[in-house]
Every structure is written in C-alpha cells, then in structure tokens.
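Text of the file upload_29.cif, holding mmCIF, C-alpha atoms:
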```cif
data_run
loop_
_atom_site.group_PDB
_atom_site.id
_atom_site.type_symbol
_atom_site.label_atom_id
_atom_site.label_comp_id
_atom_site.auth_asym_id
_atom_site.auth_seq_id
_atom_site.Cartn_x
_atom_site.Cartn_y
_atom_site.Cartn_z
ATOM 1 C CA MET A 1 -12.912 -129.949 30.906
ATOM 2 C CA PRO A 2 -9.578 -128.100 30.978
ATOM 3 C CA PHE A 3 -10.788 -125.336 28.598
ATOM 4 C CA GLU A 4 -13.513 -122.743 28.286
ATOM 5 C CA PHE A 5 -14.321 -121.938 24.644
ATOM 6 C CA GLU A 6 -15.791 -118.466 24.113
ATOM 7 C CA LYS A 7 -17.061 -117.751 20.602
ATOM 8 C CA LEU A 8 -16.288 -114.156 19.691
ATOM 9 C CA GLU A 9 -18.233 -111.822 17.420
ATOM 10 C CA LEU A 10 -16.358 -112.822 14.245
ATOM 11 C CA GLU A 11 -17.521 -116.169 12.911
ATOM 12 C CA GLY A 12 -15.035 -118.900 13.733
ATOM 13 C CA VAL A 13 -12.817 -116.871 16.079
ATOM 14 C CA VAL A 14 -12.692 -118.405 19.562
ATOM 15 C CA LEU A 15 -11.071 -117.241 22.789
ATOM 16 C CA VAL A 16 -9.772 -120.316 24.576
ATOM 17 C CA LYS A 17 -9.312 -120.079 28.330
ATOM 18 C CA PRO A 18 -7.385 -123.019 29.744
ATOM 19 C CA LYS A 19 -7.886 -124.223 33.281
ATOM 20 C CA VAL A 20 -4.755 -123.316 35.223
ATOM 21 C CA PHE A 21 -3.684 -125.436 38.171
ATOM 22 C CA GLY A 22 -1.417 -123.332 40.344
ATOM 23 C CA ASP A 23 0.188 -123.438 43.748
ATOM 24 C CA ASN A 24 3.322 -122.167 45.471
ATOM 25 C CA ARG A 25 5.483 -124.203 43.050
ATOM 26 C CA GLY A 26 4.091 -122.599 39.894
ATOM 27 C CA PHE A 27 1.351 -123.751 37.535
ATOM 28 C CA PHE A 28 0.282 -126.384 35.023
ATOM 29 C CA LEU A 29 -2.114 -126.089 32.106
ATOM 30 C CA GLU A 30 -3.006 -128.017 29.003
ATOM 31 C CA SER A 31 -2.423 -125.805 25.973
ATOM 32 C CA TYR A 32 -4.075 -128.163 23.486
ATOM 33 C CA LYS A 33 -6.151 -131.313 23.671
ATOM 34 C CA LYS A 34 -7.466 -132.573 20.354
ATOM 35 C CA SER A 35 -10.650 -134.160 21.741
ATOM 36 C CA ASP A 36 -11.727 -131.013 23.606
ATOM 37 C CA PHE A 37 -11.036 -128.799 20.611
ATOM 38 C CA TYR A 38 -12.905 -131.166 18.273
ATOM 39 C CA ASN A 39 -15.862 -131.328 20.669
ATOM 40 C CA ASN A 40 -16.010 -127.514 20.519
ATOM 41 C CA GLY A 41 -15.981 -127.188 16.733
ATOM 42 C CA ILE A 42 -12.254 -126.716 16.107
ATOM 43 C CA GLU A 43 -11.825 -129.797 13.949
ATOM 44 C CA LEU A 44 -8.477 -129.571 12.219
ATOM 45 C CA GLU A 45 -4.988 -130.883 12.426
ATOM 46 C CA PHE A 46 -2.166 -128.569 13.390
ATOM 47 C CA ASN A 47 0.900 -129.178 11.216
ATOM 48 C CA GLN A 48 3.408 -126.610 12.429
ATOM 49 C CA ASP A 49 4.370 -125.032 15.760
ATOM 50 C CA ASN A 50 5.972 -121.578 15.832
ATOM 51 C CA HIS A 51 7.724 -119.582 18.540
ATOM 52 C CA SER A 52 8.462 -115.878 18.170
ATOM 53 C CA LYS A 53 10.124 -113.390 20.470
ATOM 54 C CA SER A 54 9.680 -109.646 20.075
ATOM 55 C CA THR A 55 10.890 -106.629 21.988
ATOM 56 C CA GLY A 56 8.563 -103.988 23.369
ATOM 57 C CA LYS A 57 6.547 -101.844 20.937
ATOM 58 C CA VAL A 58 7.037 -104.298 18.044
ATOM 59 C CA LEU A 59 4.039 -104.756 15.759
ATOM 60 C CA ARG A 60 3.967 -107.780 13.468
ATOM 61 C CA GLY A 61 1.340 -108.180 10.799
ATOM 62 C CA LEU A 62 -1.107 -108.305 9.285
ATOM 63 C CA HIS A 63 -0.140 -111.667 7.737
ATOM 64 C CA TYR A 64 -1.967 -114.479 5.952
ATOM 65 C CA GLN A 65 -1.362 -117.156 3.334
ATOM 66 C CA ILE A 66 -3.366 -117.636 0.150
ATOM 67 C CA LYS A 67 -5.124 -120.805 -0.983
ATOM 68 C CA PRO A 68 -4.356 -123.639 -0.965
ATOM 69 C CA TYR A 69 -1.840 -122.813 1.793
ATOM 70 C CA GLU A 70 -4.050 -120.777 4.150
ATOM 71 C CA GLN A 71 -3.542 -121.347 7.861
ATOM 72 C CA ALA A 72 -5.736 -121.485 10.914
ATOM 73 C CA LYS A 73 -3.794 -120.529 14.054
ATOM 74 C CA LEU A 74 -3.970 -121.097 17.790
ATOM 75 C CA VAL A 75 -1.975 -118.260 19.372
ATOM 76 C CA ARG A 76 -0.832 -117.822 22.965
ATOM 77 C CA CYS A 77 1.556 -115.462 24.712
ATOM 78 C CA SER A 78 3.853 -117.388 27.043
ATOM 79 C CA LYS A 79 5.898 -114.379 28.155
ATOM 80 C CA GLY A 80 4.874 -110.741 28.390
ATOM 81 C CA ARG A 81 1.699 -109.155 27.081
ATOM 82 C CA ILE A 82 0.287 -108.424 23.614
ATOM 83 C CA PHE A 83 -2.800 -107.273 21.800
ATOM 84 C CA ASP A 84 -3.557 -109.965 19.233
ATOM 85 C CA VAL A 85 -5.580 -108.923 16.186
ATOM 86 C CA ALA A 86 -7.500 -111.032 13.659
ATOM 87 C CA VAL A 87 -9.105 -109.442 10.578
ATOM 88 C CA ASP A 88 -11.783 -111.210 8.535
ATOM 89 C CA ILE A 89 -10.599 -111.065 4.901
ATOM 90 C CA ARG A 90 -13.172 -113.513 3.523
ATOM 91 C CA PRO A 91 -15.009 -111.428 0.885
ATOM 92 C CA GLU A 92 -18.176 -113.566 1.195
ATOM 93 C CA SER A 93 -18.329 -113.263 4.989
ATOM 94 C CA LYS A 94 -20.908 -111.082 6.733
ATOM 95 C CA THR A 95 -18.063 -109.835 8.972
ATOM 96 C CA TYR A 96 -15.681 -109.075 6.068
ATOM 97 C CA LYS A 97 -13.251 -106.252 7.016
ATOM 98 C CA LYS A 98 -14.148 -106.540 10.712
ATOM 99 C CA TYR A 99 -11.497 -107.284 13.301
ATOM 100 C CA ILE A 100 -11.152 -108.554 16.836
ATOM 101 C CA ARG A 101 -8.514 -107.455 19.335
ATOM 102 C CA VAL A 102 -7.763 -109.562 22.409
ATOM 103 C CA GLU A 103 -5.152 -109.206 25.125
ATOM 104 C CA LEU A 104 -3.063 -112.346 25.513
ATOM 105 C CA SER A 105 -0.532 -112.541 28.312
ATOM 106 C CA GLU A 106 1.563 -114.805 30.469
ATOM 107 C CA ASP A 107 -0.810 -113.927 33.313
ATOM 108 C CA ASN A 108 -4.186 -114.672 31.721
ATOM 109 C CA HIS A 109 -2.948 -117.729 29.725
ATOM 110 C CA TYR A 110 -5.652 -117.108 27.093
ATOM 111 C CA MET A 111 -5.311 -118.424 23.553
ATOM 112 C CA LEU A 112 -6.913 -117.097 20.393
ATOM 113 C CA TYR A 113 -8.102 -119.502 17.714
ATOM 114 C CA ILE A 114 -8.093 -117.785 14.324
ATOM 115 C CA PRO A 115 -9.629 -119.764 11.437
ATOM 116 C CA LYS A 116 -8.521 -119.755 7.815
ATOM 117 C CA GLY A 117 -9.503 -116.597 5.955
ATOM 118 C CA PHE A 118 -8.196 -114.138 8.521
ATOM 119 C CA ALA A 119 -5.155 -111.871 8.546
ATOM 120 C CA HIS A 120 -3.267 -111.942 11.841
ATOM 121 C CA GLY A 121 -1.060 -109.496 13.701
ATOM 122 C CA PHE A 122 -0.033 -108.446 17.172
ATOM 123 C CA VAL A 123 1.596 -105.593 19.054
ATOM 124 C CA VAL A 124 3.833 -106.034 22.096
ATOM 125 C CA LEU A 125 2.680 -104.153 25.197
ATOM 126 C CA SER A 126 5.410 -105.340 27.590
ATOM 127 C CA ASN A 127 9.206 -105.016 27.408
ATOM 128 C CA CYS A 128 9.362 -108.355 25.614
ATOM 129 C CA ALA A 129 6.876 -110.975 24.502
ATOM 130 C CA GLU A 130 7.080 -114.556 23.350
ATOM 131 C CA LEU A 131 4.332 -116.167 21.304
ATOM 132 C CA LEU A 132 3.751 -119.841 20.758
ATOM 133 C CA TYR A 133 1.317 -120.731 18.054
ATOM 134 C CA LYS A 134 0.097 -123.710 16.171
ATOM 135 C CA ALA A 135 -0.711 -123.480 12.463
ATOM 136 C CA SER A 136 -2.921 -125.828 10.471
ATOM 137 C CA GLY A 137 -0.739 -125.487 7.384
ATOM 138 C CA GLU A 138 2.968 -125.241 6.868
ATOM 139 C CA TYR A 139 4.555 -121.910 6.032
ATOM 140 C CA ASN A 140 4.906 -121.397 2.289
ATOM 141 C CA PRO A 141 6.922 -118.321 1.256
ATOM 142 C CA ASN A 142 5.210 -118.227 -2.168
ATOM 143 C CA ALA A 143 1.788 -118.003 -0.496
ATOM 144 C CA ASP A 144 2.832 -115.436 2.129
ATOM 145 C CA ARG A 145 0.824 -112.204 1.949
ATOM 146 C CA GLY A 146 0.006 -109.228 4.123
ATOM 147 C CA ILE A 147 -2.082 -106.120 4.607
ATOM 148 C CA LEU A 148 -0.822 -102.789 5.920
ATOM 149 C CA TRP A 149 -1.313 -102.660 9.692
ATOM 150 C CA SER A 150 -2.598 -99.062 9.466
ATOM 151 C CA ASP A 151 -5.015 -99.588 6.566
ATOM 152 C CA LYS A 152 -7.500 -96.709 6.892
ATOM 153 C CA GLU A 153 -10.388 -98.805 5.576
ATOM 154 C CA LEU A 154 -9.912 -101.353 8.392
ATOM 155 C CA ASN A 155 -9.314 -98.598 10.977
ATOM 156 C CA ILE A 156 -7.864 -101.007 13.539
ATOM 157 C CA ASP A 157 -7.582 -99.666 17.050
ATOM 158 C CA TRP A 158 -4.328 -101.285 18.153
ATOM 159 C CA GLY A 159 -4.774 -99.848 21.651
ATOM 160 C CA ILE A 160 -1.372 -98.169 21.659
ATOM 161 C CA ASP A 161 -0.143 -94.615 22.204
ATOM 162 C CA PHE A 162 3.304 -95.135 20.673
ATOM 163 C CA GLU A 163 4.784 -95.474 17.194
ATOM 164 C CA PRO A 164 5.271 -99.229 16.709
ATOM 165 C CA ILE A 165 8.496 -100.845 15.551
ATOM 166 C CA LEU A 166 7.885 -102.501 12.177
ATOM 167 C CA SER A 167 9.849 -104.659 9.759
ATOM 168 C CA ASP A 168 10.454 -103.234 6.282
ATOM 169 C CA LYS A 169 8.070 -105.906 4.980
ATOM 170 C CA ASP A 170 5.265 -104.771 7.311
ATOM 171 C CA LYS A 171 5.860 -101.073 6.533
ATOM 172 C CA ASN A 172 5.269 -101.767 2.842
ATOM 173 C CA GLN A 173 2.287 -104.105 2.806
ATOM 174 C CA PRO A 174 -0.636 -103.201 0.498
ATOM 175 C CA GLN A 175 -4.000 -101.862 1.618
ATOM 176 C CA LEU A 176 -6.843 -104.398 1.722
ATOM 177 C CA SER A 177 -8.361 -102.716 -1.346
ATOM 178 C CA GLU A 178 -5.133 -103.418 -3.264
ATOM 179 C CA ILE A 179 -4.878 -107.157 -2.657
ATOM 180 C CA ASN A 180 -5.904 -109.776 -5.196
ATOM 181 C CA HIS A 181 -9.212 -110.986 -3.773
ATOM 182 C CA LYS A 182 -9.276 -113.889 -6.270
ATOM 183 C CA GLU A 183 -6.472 -115.449 -4.205
ATOM 184 C CA LEU A 184 -8.781 -115.511 -1.169
ATOM 185 C CA VAL A 185 -11.772 -117.267 -2.737
#
```

Rewrite the structure from the file as structure tokens, please.
Amino acid sequence: MPFEFEKLELEGVVLVKPKVFGDNRGFFLESYKKSDFYNNGIELEFNQDNHSKSTGKVLRGLHYQIKPYEQAKLVRCSKGRIFDVAVDIRPESKTYKKYIRVELSEDNHYMLYIPKGFAHGFVVLSNCAELLYKASGEYNPNADRGILWSDKELNIDWGIDFEPILSDKDKNQPQLSEINHKELV
C-alpha cells in the first residue's frame, strides 16, 4: 500500500504518510488513491483542488464552511514547511474545542485529512510555503466562516515565537463563543 494512515486523537482526523520512492533523480509518490482512502475509512468524493502560496510568517485561518456546504480537506505542503491546525467545532463531539497541530513539509510529504466539522488554519515556518489541498465541497462565499486564530478559549499553541502576518479578514474573525452554533448542527 502506498500510504500509512495514522488516526490522530481527534475523531476523524488522519495523518496520511505516503510511500515515497526516491533516488538520485528525485522522487515519486501517490498523493491520493481513492481505493486506499476508502479502505481506510475516508469515503468521500473530492470536488475541488486548491493551491495556495504564502510567504514566511503568514497565518491563515481558522476557516470553515457552514452546512450544507461544509468541507472535508486533504492538505499537503508541497514547498516549504508549515504547522497545520484543525479545530473540532462540532458541538456534539467529545473533542469539541480541541485541536491538533501537525508539521507538514516538502521533506516529510505528510498529508492531513480533516473531516467536515473542523475549522482549519496554518502558519508558515519557512520563507515560503505552497499548499495543495483537496476539498469535498466547492467553495461557497455565502457559507464561508471563521474563528479568530488567537481565541483564548481554544488556546492554540501555534508553535511560533513571532507575530504572524494576517489578512484583515483573519484579524477580525469572531471568537468561537460568538459564532452561530445552529449553523454547525
């Protein structure tokens, strides 16, 4: 099998480690194979691929979409290095308000599968980073929502010792306690 699927402590979040075939010419890996993902409990169709590039110290997030437009994501860092963060915002979940932080990089080739019901963000640790990610639903600007990256209730350890660069949108997101939880159920 070209992947190792490691279930993390938040229900549904999976660290995917692809098998990398490398030699003096470079490397090859499979970044997605429907049958392997289905056989490991990730049974959904991806409907959109995204590619983002960010300079060093940029923090993007925490983003999610409300029902019926919520998205599961499969995130990988193809250039540079990031800390990727997923926050459980499912009010009925036993891990509600908990988060996971994973380093994704061009060197480790890891991918993070984030199911529906999670807010997602990342911070760039290298001079530049490029992310490629698959989403189960298409982007819908009317369903786009976010939570403040520095929400004190979530107390996310972003693993950084610098002031991150943020968009105006991300600077002004609400706290988790201020969001409409009826949109999540």

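Considering all atoms listed in the file, the residue among A:Trp158, A:Tyr139, A:Trp149, A:Tyr110 positioned nearest to Tyr69 of chain A is A:Tyr139.
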
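Here atom CA of Pro91 of chain A is placed at a distance of 22.4 Å from atom CA of Leu74 of chain A.
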
Near segment 7-11 of chain A, 12 Å: segment 18-69 of chain A residue rows, closest pairs, only C-alpha atoms, as a Markdown table:
```
| residue | atom | partner | partner_atom | distance |
| --- | --- | --- | --- | --- |
| A:Asn40 | CA | A:Lys7 | CA | 9.8 |
| A:Gly41 | CA | A:Lys7 | CA | 10.3 |
| A:Ile42 | CA | A:Lys7 | CA | 11.1 |
```

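Coordinates place atom CA of Phe37 of chain A at a distance of 13.0 Å from atom CA of Lys134 of chain A.
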
Take every atom of segment 90-103 of chain A listed in the file, pad by 5 Å on each side, and give me the axis-aligned box centre and edge lengths in Å, one decimal, as JSON.
```
{"center_x": -13.0, "center_y": -109.9, "center_z": 13.0, "size_x": 25.8, "size_y": 17.3, "size_z": 34.2}
```

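If you apply the PyMOL selection byres ((chain A and resi 55-58) around 9) to this structure, you end up with Lys53, Ser54, Leu59, Arg60, Phe122, Val123, Val124, Leu125, Ser126, Asn127, Cys128, Ala129, Glu130, Ile160, Phe162, Glu163, Pro164, Ile165, Leu166 and Ser167 of chain A.
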
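All residues of protein, DNA or RNA that reach within 7 Å of Arg101 of chain A, judged by all atoms listed in the file and not counting those fewer than 4 positions away in the chain, are A:Phe83, A:Asp84, A:Val85, A:Ala86.
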
Across A:Asn47, A:Asn140, A:Asn155, A:Gln65, the smallest distance to Lys97 of chain A, with all atoms listed in the file counted, is shown by A:Asn155

For the structure shown, which residues end up in the PyMOL selection byres ((chain A and resi 174) around 12)? Put them as a short mmCIF file (atom, residue, chain, number, x, y, z; two decimals) with C-alpha atoms, in the frame of the given file, please?
```
data_model
loop_
_atom_site.label_atom_id
_atom_site.label_comp_id
_atom_site.auth_asym_id
_atom_site.auth_seq_id
_atom_site.Cartn_x
_atom_site.Cartn_y
_atom_site.Cartn_z
CA GLY A 61 1.34 -108.18 10.80
CA LEU A 62 -1.11 -108.30 9.28
CA HIS A 63 -0.14 -111.67 7.74
CA ARG A 145 0.82 -112.20 1.95
CA GLY A 146 0.01 -109.23 4.12
CA ILE A 147 -2.08 -106.12 4.61
CA LEU A 148 -0.82 -102.79 5.92
CA TRP A 149 -1.31 -102.66 9.69
CA SER A 150 -2.60 -99.06 9.47
CA ASP A 151 -5.01 -99.59 6.57
CA LYS A 152 -7.50 -96.71 6.89
CA GLU A 153 -10.39 -98.80 5.58
CA LYS A 169 8.07 -105.91 4.98
CA ASP A 170 5.26 -104.77 7.31
CA LYS A 171 5.86 -101.07 6.53
CA ASN A 172 5.27 -101.77 2.84
CA GLN A 173 2.29 -104.10 2.81
CA GLN A 175 -4.00 -101.86 1.62
CA LEU A 176 -6.84 -104.40 1.72
CA SER A 177 -8.36 -102.72 -1.35
CA GLU A 178 -5.13 -103.42 -3.26
CA ILE A 179 -4.88 -107.16 -2.66
CA ASN A 180 -5.90 -109.78 -5.20
#
```

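Distances to Val87 of chain A were evaluated for A:Val16, A:Ala135, A:Leu29, A:Leu154 using only C-alpha atoms, and the minimum falls at A:Leu154.
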
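Taking all atoms listed in the file into account, Ile100 of chain A lies nearest to A:Val13 out of the set A:Val13, A:Leu184, A:Val75, A:Pro141.
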
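Counting all atoms listed in the file and comparing A:Cys77, A:Leu104, A:Ile156, A:Val14, the residue that lies closest to Leu131 of chain A is A:Cys77.
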
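Straight-line separation from atom CA of Gln71 of chain A to atom CA of Val102 of chain A: 19.2 Å.
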
What does the PyMOL selection byres ((chain A and resi 31) around 12) select in this file, as a PyMOL selection string? chain A and resi 2-4+16-20+28-30+32-34+36-37+74-78+109-113+132-134

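Proximity ranking of A:Asn142, A:Asp107, A:Gly80, A:Ser52 relative to Phe27 of chain A places A:Asp107 first, based on all atoms listed in the file.
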
Leaving out Arg90 of chain A and any residue of its chain fewer than 5 positions from it, which residues lie within 10 Å of it when counting only C-alpha atoms, given as a ChimeraX atom specification? /A:95-97,116-119,181,184-185
